[in-house]
file model.txt (compact mmCIF, C-alpha atoms)
# COMPACT_ATOMS: atom_id res chain seq x y z
CA MET A 92 20.77 28.41 41.08
CA GLY A 93 18.75 30.89 39.03
CA LYS A 94 16.43 30.13 36.15
CA THR A 95 18.95 31.20 33.51
CA ASP A 96 21.54 28.88 34.95
CA ASP A 97 19.01 26.04 34.96
CA ALA A 98 18.29 26.63 31.29
CA ALA A 99 22.01 26.73 30.50
CA LEU A 100 22.62 23.54 32.45
CA ALA A 101 19.72 21.82 30.71
CA GLY A 102 21.23 22.89 27.39
CA HIS A 103 24.65 21.50 28.31
CA LEU A 104 23.10 18.23 29.50
CA ARG A 105 21.11 17.90 26.30
CA ARG A 106 24.17 18.52 24.16
CA ALA A 107 26.18 16.05 26.23
CA MET A 108 23.53 13.39 25.65
CA LEU A 109 23.57 14.09 21.90
CA ASP A 110 27.37 13.91 21.92
CA ALA A 111 27.25 10.55 23.66
CA ASP A 112 25.32 9.11 20.72
CA PRO A 113 27.65 8.58 17.75
CA ALA A 114 24.73 8.78 15.33
CA LEU A 115 23.37 12.08 16.69
CA SER A 116 26.56 13.83 17.75
CA ARG A 117 27.24 14.95 14.18
CA PHE A 118 23.97 16.94 14.15
CA ASN A 119 22.86 20.18 15.81
CA PRO A 120 19.13 19.65 16.30
CA LEU A 121 16.61 22.09 17.65
CA SER A 122 14.82 21.10 20.84
CA ARG A 123 12.62 18.35 19.39
CA ILE A 124 13.77 15.80 16.82
CA LEU A 125 10.89 15.18 14.45
CA VAL A 126 12.54 12.62 12.17
CA PHE A 127 15.95 10.99 12.01
CA ASP A 128 16.44 9.05 8.80
CA GLN A 129 19.47 6.84 8.42
CA PHE A 130 19.13 5.29 5.01
CA ASP A 131 21.11 2.25 6.01
CA SER A 132 17.80 1.06 7.47
CA GLY A 133 15.40 1.90 4.65
CA THR A 134 13.85 4.81 2.79
CA HIS A 135 12.16 6.30 5.89
CA GLY A 136 9.27 7.80 3.96
CA TRP A 137 11.32 9.45 1.23
CA THR A 138 9.50 8.73 -2.00
CA GLU A 139 9.20 9.93 -5.57
CA LEU A 140 7.34 13.20 -6.02
CA ILE A 141 4.52 13.04 -8.54
CA GLY A 142 1.91 15.56 -9.67
CA ASN A 143 -1.80 15.13 -8.98
CA HIS A 144 -4.13 12.85 -10.97
CA ASP A 145 -7.87 12.87 -11.70
CA GLY A 146 -10.68 11.02 -9.94
CA GLU A 147 -10.30 7.94 -12.14
CA GLY A 148 -6.63 7.37 -11.40
CA ASN A 149 -5.63 8.24 -14.95
CA LEU A 150 -1.97 9.18 -14.78
CA ASP A 151 -2.23 10.85 -18.18
CA THR A 152 -3.77 13.71 -16.20
CA VAL A 153 -0.51 14.23 -14.28
CA ASP A 154 1.38 17.27 -15.55
CA ASP A 155 4.08 16.32 -18.07
CA HIS A 156 6.84 17.86 -15.97
CA MET A 157 5.73 16.11 -12.77
CA ARG A 158 5.33 12.49 -13.86
CA ASP A 159 8.91 11.28 -14.11
CA PHE A 160 10.81 12.37 -11.01
CA ARG A 161 12.27 8.86 -10.61
CA PRO A 162 12.02 6.53 -7.61
CA PRO A 163 14.77 7.09 -5.03
CA GLN A 164 17.19 4.19 -4.58
CA LEU A 165 18.92 2.66 -1.60
CA SER A 166 22.46 2.86 -2.90
CA SER A 167 25.63 1.27 -1.59
CA CYS A 168 27.51 3.95 -3.55
CA THR A 169 29.02 1.30 -5.79
CA PHE A 170 31.27 2.35 -8.66
CA PHE A 171 33.04 0.65 -11.53
CA ASP A 172 36.57 1.26 -10.26
CA VAL A 173 36.41 0.30 -6.58
CA GLY A 174 33.15 -1.57 -6.18
CA THR A 175 31.20 -0.65 -3.07
CA HIS A 176 32.16 2.65 -1.49
CA GLY A 177 29.44 2.56 1.15
CA ALA A 178 27.74 5.43 2.95
CA MET A 179 28.80 7.53 5.93
CA SER A 180 26.53 5.60 8.29
CA GLY A 181 26.71 1.95 7.25
CA THR A 182 26.39 0.69 3.70
CA TYR A 183 23.38 2.44 2.18
CA ALA A 184 22.51 6.00 1.24
CA LEU A 185 19.44 7.43 -0.44
CA LYS A 186 20.23 8.12 -4.10
CA VAL A 187 18.19 10.49 -6.23
CA ALA A 188 19.10 9.92 -9.88
CA THR A 189 18.10 11.76 -13.04
CA ARG A 190 17.71 10.32 -16.48
CA PRO A 191 20.57 11.13 -18.88
CA ILE A 192 18.55 13.90 -20.49
CA ALA A 193 19.51 17.57 -20.24
CA GLY A 194 16.96 19.31 -18.07
CA HIS A 195 15.69 16.18 -16.39
CA THR A 196 15.02 16.54 -12.67
CA ALA A 197 14.74 13.79 -10.06
CA VAL A 198 12.89 14.56 -6.84
CA ALA A 199 12.42 12.71 -3.57
CA ILE A 200 9.98 14.02 -0.98
CA ARG A 201 9.27 13.50 2.74
CA ARG A 202 5.72 14.33 3.88
CA LEU A 203 4.95 15.67 7.36
CA THR A 204 2.62 18.17 9.00
CA MET A 205 3.16 20.88 11.60
CA ALA A 206 1.86 20.46 15.14
CA LYS A 207 2.76 24.08 15.77
CA LYS A 208 4.40 26.97 13.96
CA GLY A 209 7.97 27.92 14.71
CA ARG A 210 11.52 27.10 13.76
CA VAL A 211 12.14 24.02 11.64
CA GLN A 212 15.59 22.72 10.78
CA PHE A 213 16.65 20.27 8.08
CA GLU A 214 20.07 18.67 8.44
CA THR A 215 21.72 16.15 6.16
CA TYR A 216 25.04 14.67 5.17
CA PHE A 217 25.11 14.62 1.39
CA THR A 218 27.25 14.28 -1.67
CA TYR A 219 26.62 14.64 -5.39
CA LYS A 220 28.06 13.05 -8.52
CA ALA A 221 27.69 12.93 -12.28
CA GLU A 222 27.64 9.43 -13.69
CA ALA A 223 30.98 7.95 -14.67
CA ALA A 224 31.51 7.51 -18.39
CA SER A 225 30.96 4.27 -20.27
CA ALA A 226 30.73 3.25 -23.90
CA GLU A 227 26.97 2.91 -23.52
CA ASN A 228 26.22 6.23 -21.83
CA GLY A 229 28.76 8.21 -23.90
CA ALA A 230 29.24 10.69 -21.03
CA ALA A 231 32.81 11.45 -22.11
CA ASN A 232 31.44 13.06 -25.25
CA GLN A 233 28.45 14.88 -23.79
CA ALA A 234 28.25 18.61 -23.13
CA GLY A 235 30.34 19.66 -20.15
CA ALA A 236 33.06 17.09 -20.73
CA GLY A 237 36.47 18.61 -21.24
CA GLU A 238 40.10 17.73 -20.91
CA TRP A 239 41.21 15.81 -17.84
CA ASP A 240 43.99 17.76 -16.12
CA GLY A 241 44.72 15.18 -13.44
CA ASN A 242 42.93 17.25 -10.84
CA ILE A 243 39.50 18.52 -11.88
CA HIS A 244 37.63 15.71 -13.59
CA PRO A 245 35.52 16.45 -16.70
CA SER A 246 32.50 14.87 -15.03
CA GLU A 247 32.38 17.59 -12.38
CA GLN A 248 31.15 20.05 -15.00
CA GLN A 249 28.45 17.57 -15.95
CA PHE A 250 26.70 17.98 -12.61
CA GLY A 251 24.01 20.66 -12.84
CA ALA A 252 22.34 21.49 -9.54
CA PHE A 253 20.81 20.11 -6.39
CA THR A 254 18.03 21.64 -4.34
CA VAL A 255 16.68 21.40 -0.82
CA ALA A 256 13.18 22.76 -0.49
CA THR A 257 9.88 22.69 1.33
CA ASP A 258 6.21 22.76 0.51
CA ILE A 259 4.40 24.41 3.40
CA CYS A 260 0.78 25.43 3.91
CA ASP A 261 -0.52 26.99 7.09
CA ASP A 262 -3.95 26.46 8.66
CA ARG A 263 -5.42 29.38 6.68
CA GLY A 264 -4.47 27.90 3.31
CA VAL A 265 -1.46 30.17 2.76
CA ARG A 266 1.04 28.05 0.83
CA TYR A 267 4.69 28.78 0.10
CA HIS A 268 8.03 27.14 -0.64
CA CYS A 269 11.33 27.83 1.03
CA VAL A 270 14.01 26.84 -1.49
CA ALA A 271 17.81 26.68 -1.54
CA ARG A 272 19.55 25.45 -4.68
CA TYR A 273 23.22 24.81 -5.25
CA GLN A 274 23.99 25.53 -8.87
CA ASN A 275 27.23 23.77 -9.71
CA THR A 276 27.13 24.73 -13.36
CA ASP A 277 25.01 27.04 -15.47
CA LEU A 278 22.92 25.80 -18.37
CA ASP A 279 26.04 25.95 -20.58
CA ASN A 280 27.91 23.60 -18.20
CA ARG A 281 30.25 26.28 -16.86
CA PHE A 282 31.06 26.29 -13.15
CA THR A 283 29.07 28.81 -11.14
CA ARG A 284 29.12 27.09 -7.71
CA ARG A 285 26.51 29.45 -6.30
CA TRP A 286 23.54 29.16 -4.00
CA MET A 287 20.31 30.51 -5.41
CA TYR A 288 16.59 30.91 -4.72
CA PRO A 289 13.48 31.44 -6.87
CA VAL A 290 11.46 34.66 -6.73
CA VAL A 291 8.22 33.00 -7.89
CA PRO A 292 6.23 30.13 -6.34
CA GLU A 293 6.36 26.76 -8.04
CA PRO A 294 3.68 26.21 -10.74
CA THR A 295 1.05 23.81 -9.36
CA PRO A 296 -1.27 21.22 -10.94
CA ARG A 297 -4.23 23.45 -10.04
CA GLU A 298 -2.70 26.34 -11.96
CA HIS A 299 -2.25 24.00 -14.92
CA LEU A 300 -5.87 22.84 -14.68
CA GLU A 301 -6.96 26.49 -14.58
CA GLY A 302 -4.90 27.20 -17.69
CA LYS A 303 -2.38 29.40 -15.88
CA ALA A 304 0.68 27.20 -16.36
CA LYS A 305 1.81 24.51 -18.76
CA LEU A 306 5.31 23.15 -18.51
CA GLY A 307 7.22 20.81 -20.76
CA ARG A 308 8.69 17.50 -19.67
CA THR A 309 12.13 18.86 -18.77
CA ASP A 310 11.13 22.30 -17.56
CA ASP A 311 12.45 23.29 -14.16
CA PHE A 312 9.41 22.59 -11.99
CA THR A 313 10.62 24.69 -9.04
CA ALA A 314 10.73 27.86 -11.15
CA PRO A 315 10.80 27.27 -14.92
CA ASN A 316 12.17 30.64 -16.04
CA PRO A 317 15.95 30.93 -15.38
CA ASP A 318 15.42 34.68 -14.94
CA ASP A 319 13.31 33.96 -11.86
CA TRP A 320 16.34 32.78 -9.87
CA ARG A 321 18.69 34.94 -7.79
CA TYR A 322 22.06 34.15 -6.28
CA PHE A 323 22.72 34.61 -2.59
CA GLY A 324 25.99 34.51 -0.66
CA GLU A 325 29.44 34.04 -2.10
CA PRO A 326 30.39 31.11 -4.38
CA GLN A 327 31.11 27.89 -2.51
CA SER A 328 33.24 24.99 -3.70
CA PHE A 329 32.83 21.45 -2.43
CA CYS A 330 34.93 18.32 -2.25
CA TYR A 331 33.90 16.55 -5.44
CA ASN A 332 37.23 14.81 -5.00
CA GLU A 333 38.47 14.83 -8.58
CA VAL A 334 36.58 11.84 -10.00
CA PRO A 335 32.94 10.69 -10.18
CA THR A 336 33.60 7.62 -8.02
CA LYS A 337 34.93 9.08 -4.75
CA VAL A 338 32.35 9.99 -2.15
CA ASN A 339 33.03 12.65 0.48
CA TRP A 340 30.12 13.56 2.73
CA HIS A 341 29.18 17.20 3.31
CA TYR A 342 27.18 18.68 6.17
CA LEU A 343 24.13 20.84 5.46
CA ARG A 344 21.93 22.57 8.02
CA TRP A 345 19.03 24.70 6.85
CA GLN A 346 16.67 26.51 9.17
CA ILE A 347 13.33 28.10 8.36
CA ASP A 348 10.61 29.77 10.43
CA THR A 349 7.02 28.74 9.73
CA GLU A 350 5.67 31.42 12.06
CA LEU A 351 7.30 34.15 10.00
CA GLN A 352 7.08 32.21 6.69
CA ARG A 353 10.76 32.96 6.16
CA ASN A 354 14.13 31.37 5.70
CA VAL A 355 16.53 31.77 8.62
CA GLU A 356 19.96 30.46 7.64
CA LEU A 357 21.82 27.85 5.66
CA GLN A 358 25.03 26.24 6.83
CA VAL A 359 26.98 24.04 4.45
CA ASN A 360 30.23 22.82 5.97
CA ASP A 361 32.23 25.91 6.95
CA GLN A 362 29.93 28.47 5.30
CA VAL A 363 26.88 29.99 6.99
CA PHE A 364 24.52 32.03 4.85
CA ASP A 365 22.11 34.43 6.51
CA MET A 366 18.86 33.82 4.60
CA ARG A 367 16.53 36.09 6.57
CA ASP A 368 16.35 38.53 3.67
CA VAL A 369 15.81 35.82 1.06
CA PRO A 370 12.18 36.26 0.02
CA VAL A 371 9.67 33.41 0.18
CA PRO A 372 6.90 34.05 -2.35
CA ALA A 373 3.49 32.74 -1.29
CA TYR A 374 0.68 31.74 -3.66
CA ALA A 375 -1.94 34.45 -4.13
CA GLU A 376 -4.71 31.87 -3.89
CA ARG A 377 -5.58 29.80 -0.84
CA TYR A 378 -5.26 25.99 -0.83
CA ASP A 379 -7.60 23.46 0.81
CA ALA A 380 -6.68 19.94 1.96
CA LEU A 381 -3.16 21.02 2.89
CA ASP A 382 -3.67 22.24 6.46
CA ASN A 383 -0.31 22.43 8.27
CA LEU A 384 1.48 20.79 5.34
CA LEU A 385 5.21 20.38 5.97
CA ASN A 386 6.98 18.64 3.10
CA PHE A 387 10.68 18.52 2.43
CA TYR A 388 12.04 17.64 -0.96
CA VAL A 389 15.48 17.20 -2.43
CA SER A 390 16.10 17.28 -6.14
CA THR A 391 18.91 17.07 -8.64
CA ARG A 392 18.82 18.50 -12.12
CA THR A 393 21.17 17.69 -14.94
CA HIS A 394 22.22 20.30 -17.50
CA THR A 395 23.59 17.76 -19.96
CA ASN A 396 22.78 14.28 -21.23
CA VAL A 397 24.47 12.61 -18.26
CA ARG A 398 22.79 11.15 -15.18
CA ASN A 399 23.21 13.27 -12.06
CA PHE A 400 23.06 11.78 -8.59
CA LEU A 401 22.36 13.28 -5.19
CA PHE A 402 23.22 11.00 -2.27
CA LEU A 403 21.93 11.52 1.27
CA ASP A 404 23.53 9.51 4.04
CA SER A 405 21.05 10.65 6.65
CA VAL A 406 18.51 13.37 7.38
CA LEU A 407 17.47 14.90 10.68
CA VAL A 408 14.52 17.29 10.93
CA SER A 409 14.06 19.10 14.23
CA VAL A 410 11.69 21.78 15.51
CA ASP A 411 11.41 24.15 18.44
CA TRP A 412 7.80 23.17 19.22
CA MET B 112 10.54 -7.39 9.78
CA ARG B 113 11.87 -7.60 6.25
CA GLN B 114 12.49 -4.51 4.14
CA SER B 115 10.60 -4.07 0.89
CA GLN B 116 10.31 -1.43 -1.79
CA ALA B 117 8.26 -0.89 -4.94
CA ALA B 118 9.63 1.43 -7.60
CA VAL B 119 7.79 2.67 -10.68
CA LEU B 120 10.47 2.65 -13.35
CA GLU B 121 8.22 3.63 -16.26
CA ARG B 122 4.91 5.41 -15.87
CA TYR B 123 2.48 5.58 -18.81
CA ARG B 124 5.48 5.53 -21.11
CA ILE B 125 4.98 4.77 -24.80
CA LEU B 126 7.61 2.34 -26.03
CA GLU B 127 8.60 1.59 -29.61
CA GLY B 128 11.45 -0.52 -30.95
CA GLU B 129 14.34 -1.25 -28.60
CA PHE B 130 14.55 0.21 -25.09
CA ALA B 131 16.09 -0.25 -21.65
CA THR B 132 14.81 1.02 -18.31
CA GLU B 133 16.91 3.26 -16.10
CA PRO B 134 19.43 1.42 -13.86
CA TYR B 135 18.07 0.62 -10.41
CA GLU B 136 20.23 -0.28 -7.41
CA ALA B 137 19.00 -3.28 -5.50
CA GLY B 138 22.06 -4.73 -3.80
CA TRP B 139 20.22 -4.78 -0.45
CA ALA B 140 17.47 -7.03 -1.76
CA THR B 141 17.42 -10.82 -1.89
CA GLU B 142 14.52 -11.10 -4.23
CA ALA B 143 12.94 -9.00 -6.92
CA ARG B 144 9.88 -9.22 -9.10
CA TRP B 145 8.99 -7.28 -12.22
CA PHE B 146 5.42 -6.26 -13.02
CA VAL B 147 4.88 -4.90 -16.50
CA GLN B 148 1.41 -3.63 -17.26
CA VAL B 149 0.58 -2.97 -20.90
CA LEU B 150 -2.10 -0.29 -20.75
CA ARG B 151 -2.51 0.08 -24.48
CA SER B 152 -1.18 -1.84 -27.42
CA SER B 153 -1.16 -0.57 -30.98
CA SER B 154 -2.65 -3.89 -32.10
CA PRO B 155 -3.75 -7.10 -30.33
CA ASP B 156 -0.79 -9.03 -31.73
CA THR B 157 1.89 -6.45 -30.87
CA LYS B 158 4.46 -8.23 -28.75
CA LEU B 159 6.54 -6.77 -25.98
CA VAL B 160 9.63 -8.90 -25.36
CA LEU B 161 11.35 -8.28 -22.01
CA THR B 162 14.70 -9.49 -20.67
CA THR B 163 16.12 -8.87 -17.19
CA GLN B 164 19.60 -7.40 -17.22
CA ILE B 165 22.08 -7.20 -14.37
CA SER B 166 25.18 -5.11 -13.73
CA PRO B 167 27.95 -4.88 -11.14
CA ASP B 168 28.39 -1.11 -11.59
CA GLY B 169 25.29 0.34 -13.22
CA LEU B 170 27.28 0.96 -16.41
CA HIS B 171 27.97 -2.42 -17.99
CA TRP B 172 25.16 -4.93 -18.46
CA CYS B 173 24.48 -8.53 -19.36
CA ASP B 174 21.35 -10.64 -19.54
CA ALA B 175 20.40 -12.32 -16.26
CA GLY B 176 20.03 -15.64 -18.04
CA ASP B 177 16.31 -16.13 -17.60
CA PRO B 178 14.20 -16.71 -20.71
CA PRO B 179 12.65 -13.53 -22.16
CA GLN B 180 9.10 -12.67 -21.11
CA VAL B 181 6.58 -11.93 -23.83
CA ALA B 182 3.52 -9.77 -23.35
CA GLU B 183 1.02 -9.89 -26.20
CA GLY B 184 -1.64 -7.21 -26.40
CA GLU B 185 -2.84 -5.57 -23.19
CA GLY B 186 -2.57 -6.94 -19.66
CA MET B 187 0.11 -7.60 -17.07
CA VAL B 188 3.08 -9.93 -16.98
CA SER B 189 5.28 -10.62 -13.97
CA TRP B 190 8.39 -12.63 -13.28
CA PRO B 191 10.80 -13.07 -10.35
CA VAL B 192 14.55 -12.53 -10.22
CA ARG B 193 17.05 -13.76 -7.64
CA GLU B 194 20.86 -13.76 -7.24
CA PHE B 195 21.03 -10.62 -9.34
CA GLY B 196 23.92 -8.88 -7.62
CA GLN B 197 23.80 -5.09 -7.54
CA TRP B 198 21.83 -3.44 -10.36
CA LEU B 199 18.70 -4.37 -12.28
CA ARG B 200 17.04 -3.14 -15.44
CA VAL B 201 14.87 -4.51 -18.21
CA ARG B 202 15.78 -4.32 -21.84
CA GLY B 203 13.11 -4.99 -24.34
CA SER B 204 11.69 -4.58 -27.77
CA VAL B 205 8.29 -3.92 -29.23
CA GLU B 206 7.72 -6.27 -32.14
CA GLY B 207 5.22 -5.84 -34.93
CA ASP B 208 4.92 -3.34 -37.78
CA GLU B 209 5.32 0.13 -36.25
CA GLY B 210 4.06 -1.36 -33.02
CA SER B 211 3.92 0.62 -29.80
CA VAL B 212 2.81 -0.08 -26.25
CA LYS B 213 1.98 2.14 -23.32
CA VAL B 214 3.33 0.66 -20.12
CA LEU B 215 3.67 0.84 -16.38
CA ILE B 216 6.80 -0.98 -15.17
CA TYR B 217 7.17 -1.77 -11.49
CA LEU B 218 10.19 -3.30 -9.79
CA THR B 219 9.38 -4.75 -6.37
CA LEU B 220 12.18 -5.70 -3.99
CA LYS B 221 12.40 -7.57 -0.71
CA SER B 222 15.30 -8.11 1.67
call {"tool": "encode", "arguments": {"input": "model.txt", "output": "structure tokens"}}
result
Amino acid sequence: MGKTDDAALAGHLRRAMLDADPALSRFNPLSRILVFDQFDSGTHGWTELIGNHDGEGNLDTVDDHMRDFRPPQLSSCTFFDVGTHGAMSGTYALKVATRPIAGHTAVAIRRLTMAKKGRVQFETYFTYKAEAASAENGAANQAGAGEWDGNIHPSEQQFGAFTVATDICDDRGVRYHCVARYQNTDLDNRFTRRWMYPVVPEPTPREHLEGKAKLGRTDDFTAPNPDDWRYFGEPQSFCYNEVPTKVNWHYLRWQIDTELQRNVELQVNDQVFDMRDVPVPAYAERYDALDNLLNFYVSTRTHTNVRNFLFLDSVLVSVDW
Amino acid sequence: MRQSQAAVLERYRILEGEFATEPYEAGWATEARWFVQVLRSSSPDTKLVLTTQISPDGLHWCDAGDPPQVAEGEGMVSWPVREFGQWLRVRGSVEGDEGSVKVLIYLTLKS
């Protein structure tokens, strides 16, 4: 048997072993699994993102727009109409929840480093929801709410956007973010259902300290100017499933290349987007203390005064190292 | 090993009048404990009155039934909660003429 056949056989054997594991068979990992987070067993290192603080621990020195990204929750996906919905894998999912303030963003982050450069792949099963209406939250009367037609629920237009992104810095201090955002609605709460990316790097605490950037509390921290975002691919619709209390899990697979400092591709259910031409702007300045940084973050951003939720059932990060 | 989690529900937030923290899901936890740190108080006799609230759905709330906690001036108060069901939050009020407090509010949870 030749070398090529050996490699093919090894590939088939590996896939067969993945398929024999009910938890892993739903993923398509690269050769080495770096993390496998099933939130039925805890938060697995996903935590609230916060900006940097001074040497005295004074959190007043944290940038206004980076001090309230909300702690992620272990959610049983419980709703007022059915009680506990549960996750895809067991009872609990990771929930990232905004405040009910237009422009508010909630962010959860997972912090790793790179042992080598190469391909990195983020996979997750996710869903997203706007909060159901109540007398207290008044969601039924907030921007985006419309008539219920028995099919599309008014709350669907009250979900703004969710983002999967990285914060990466190589061993020479070159720092950049690969970013993919699903914009469900524009800032006027109209459906857009498009994937998008920023053409500028995210403003950093150092840039604020140097007087180069100052953002308000609800500014979009990934790229604050709406004109700095570009669509890619065709519009994509998901299974919101008509009401804010039904949870259908969606598959997402996103691959980047830290050798090339580029995106590779994004698969979300039946759509695959070639992202090799999607630019990844790097910071002009070099960063210390971040050697081989490899962070993943997920965020959700509301465009109206209604809480938005992003739920992750599980996350698998794999590499070709 | 038991699971545990600490969440910062308010961070250096200035509170005045009536307020409620964001809903927090804690159905997995058996026990909870609030830590409320008053970093700055508008006057030494400004009172912060805090009441645990619970909810089955994150939308509709009632008091947990424990007596309200009162923080006077600066410092930290803490109290435990058990048999709380699914969601937790704190409602509260800042009492005193045009009183305000700057707070850190932690919710700690354990399975």
call {"tool": "interface_residues", "arguments": {"input": "model.txt", "of": "chain B", "to": "chain A", "cutoff": "6 Å", "atoms": "all atoms listed in the file", "output": "list in words"}}
result
Ala118, Glu136 and Asp168 of chain B
call {"tool": "closest_residue", "arguments": {"input": "model.txt", "among": "B:Trp145, B:Ala140, B:Ser204, B:Thr132", "to": "Trp172 of chain B", "atoms": "only C-alpha atoms"}}
result
B:Thr132
call {"tool": "closest_residue", "arguments": {"input": "model.txt", "among": "A:Thr295, A:Ala99, A:Asp128, A:Asp240", "to": "Met157 of chain A", "atoms": "all atoms listed in the file"}}
result
A:Thr295
call {"tool": "residues_around", "arguments": {"input": "model.txt", "residues": "Pro179 of chain B", "least_positions_apart": "2", "cutoff": "12 Å", "atoms": "only C-alpha atoms", "output": "tab-separated table (two decimals) with C-alpha atoms, in the coordinates of the input"}}
result
chain	number	residue	atom	x	y	z
B	158	LYS	CA	4.46	-8.23	-28.75
B	159	LEU	CA	6.54	-6.77	-25.98
B	160	VAL	CA	9.63	-8.90	-25.36
B	161	LEU	CA	11.35	-8.28	-22.01
B	162	THR	CA	14.70	-9.49	-20.67
B	163	THR	CA	16.12	-8.87	-17.19
B	164	GLN	CA	19.60	-7.40	-17.22
B	174	ASP	CA	21.35	-10.64	-19.54
B	175	ALA	CA	20.40	-12.32	-16.26
B	176	GLY	CA	20.03	-15.64	-18.04
B	177	ASP	CA	16.31	-16.13	-17.60
B	181	VAL	CA	6.58	-11.93	-23.83
B	182	ALA	CA	3.52	-9.77	-23.35
B	188	VAL	CA	3.08	-9.93	-16.98
B	189	SER	CA	5.28	-10.62	-13.97
B	190	TRP	CA	8.39	-12.63	-13.28
B	191	PRO	CA	10.80	-13.07	-10.35
B	201	VAL	CA	14.87	-4.51	-18.21
B	202	ARG	CA	15.78	-4.32	-21.84
B	203	GLY	CA	13.11	-4.99	-24.34
B	204	SER	CA	11.69	-4.58	-27.77
call {"tool": "atom_distance", "arguments": {"input": "model.txt", "atom1": "atom CA of Val126 of chain A", "atom2": "atom CA of Met179 of chain A"}}
result
18.1 Å
call {"tool": "atom_distance", "arguments": {"input": "model.txt", "atom1": "atom CA of Asp96 of chain A", "atom2": "atom CA of Met108 of chain A"}}
result
18.2 Å
call {"tool": "atom_distance", "arguments": {"input": "model.txt", "atom1": "atom CA of Ala252 of chain A", "atom2": "atom CA of Arg200 of chain B"}}
result
25.9 Å
call {"tool": "closest_residue", "arguments": {"input": "model.txt", "among": "A:Val363, A:Val265, A:Leu278, A:Ala184", "to": "Gly235 of chain A", "atoms": "all atoms listed in the file"}}
result
A:Leu278
call {"tool": "axis_aligned_box", "arguments": {"input": "model.txt", "around": "segment 212-220 of chain A", "padding_each_side": "8 Å", "output": "lines of an AutoDock Vina configuration file"}}
result
center_x = 21.8
center_y = 17.9
center_z = 1.1
size_x = 28.5
size_y = 25.7
size_z = 35.3
call {"tool": "closest_residue", "arguments": {"input": "model.txt", "among": "A:Leu357, A:Val369, A:Leu185, A:Ala230", "to": "Ala137 of chain B", "atoms": "only C-alpha atoms"}}
result
A:Leu185
call {"tool": "residues_around", "arguments": {"input": "model.txt", "residues": "segment 210-221 of chain B", "least_positions_apart": "4", "cutoff": "8 Å", "atoms": "all atoms listed in the file", "output": "ChimeraX atom specification"}}
result
/B:113-128,137,140-154,157,159,205-206
call {"tool": "closest_residue", "arguments": {"input": "model.txt", "among": "A:His103, A:Asp318, A:Thr215, A:Asp279", "to": "His341 of chain A", "atoms": "only C-alpha atoms"}}
result
A:Thr215
call {"tool": "decode", "arguments": {"input": "model.txt", "residues": "segment 104-113 of chain A", "atoms": "N, CA, C and O atoms", "output": "mmCIF file, in the first residue's frame"}}
result
data_model
loop_
_atom_site.group_PDB
_atom_site.id
_atom_site.type_symbol
_atom_site.label_atom_id
_atom_site.label_comp_id
_atom_site.auth_asym_id
_atom_site.auth_seq_id
_atom_site.Cartn_x
_atom_site.Cartn_y
_atom_site.Cartn_z
ATOM 1 N N LEU A 104 -10.153 6.195 8.972
ATOM 2 C CA LEU A 104 -10.204 5.658 10.333
ATOM 3 C C LEU A 104 -10.523 6.762 11.349
ATOM 4 O O LEU A 104 -11.318 6.584 12.270
ATOM 5 N N ARG A 105 -9.876 7.902 11.125
ATOM 6 C CA ARG A 105 -10.107 9.036 12.048
ATOM 7 C C ARG A 105 -11.570 9.466 11.998
ATOM 8 O O ARG A 105 -12.209 9.684 13.022
ATOM 9 N N ARG A 106 -12.095 9.575 10.789
ATOM 10 C CA ARG A 106 -13.497 9.997 10.650
ATOM 11 C C ARG A 106 -14.426 8.952 11.263
ATOM 12 O O ARG A 106 -15.424 9.294 11.903
ATOM 13 N N ALA A 107 -14.090 7.686 11.081
ATOM 14 C CA ALA A 107 -14.923 6.625 11.654
ATOM 15 C C ALA A 107 -14.937 6.711 13.175
ATOM 16 O O ALA A 107 -15.973 6.495 13.815
ATOM 17 N N MET A 108 -13.772 7.042 13.756
ATOM 18 C CA MET A 108 -13.724 7.159 15.219
ATOM 19 C C MET A 108 -14.529 8.374 15.691
ATOM 20 O O MET A 108 -15.204 8.329 16.721
ATOM 21 N N LEU A 109 -14.462 9.471 14.933
ATOM 22 C CA LEU A 109 -15.292 10.633 15.276
ATOM 23 C C LEU A 109 -16.777 10.270 15.176
ATOM 24 O O LEU A 109 -17.581 10.618 16.042
ATOM 25 N N ASP A 110 -17.117 9.547 14.114
ATOM 26 C CA ASP A 110 -18.529 9.190 13.897
ATOM 27 C C ASP A 110 -19.054 8.244 14.963
ATOM 28 O O ASP A 110 -20.269 8.179 15.201
ATOM 29 N N ALA A 111 -18.141 7.499 15.579
ATOM 30 C CA ALA A 111 -18.568 6.560 16.618
ATOM 31 C C ALA A 111 -18.863 7.260 17.940
ATOM 32 O O ALA A 111 -19.404 6.653 18.865
ATOM 33 N N ASP A 112 -18.496 8.527 18.027
ATOM 34 C CA ASP A 112 -18.726 9.302 19.244
ATOM 35 C C ASP A 112 -19.907 10.240 18.987
ATOM 36 O O ASP A 112 -19.782 11.184 18.196
ATOM 37 N N PRO A 113 -21.043 10.007 19.625
ATOM 38 C CA PRO A 113 -22.212 10.851 19.336
ATOM 39 C C PRO A 113 -21.960 12.343 19.580
ATOM 40 O O PRO A 113 -22.563 13.188 18.911
#
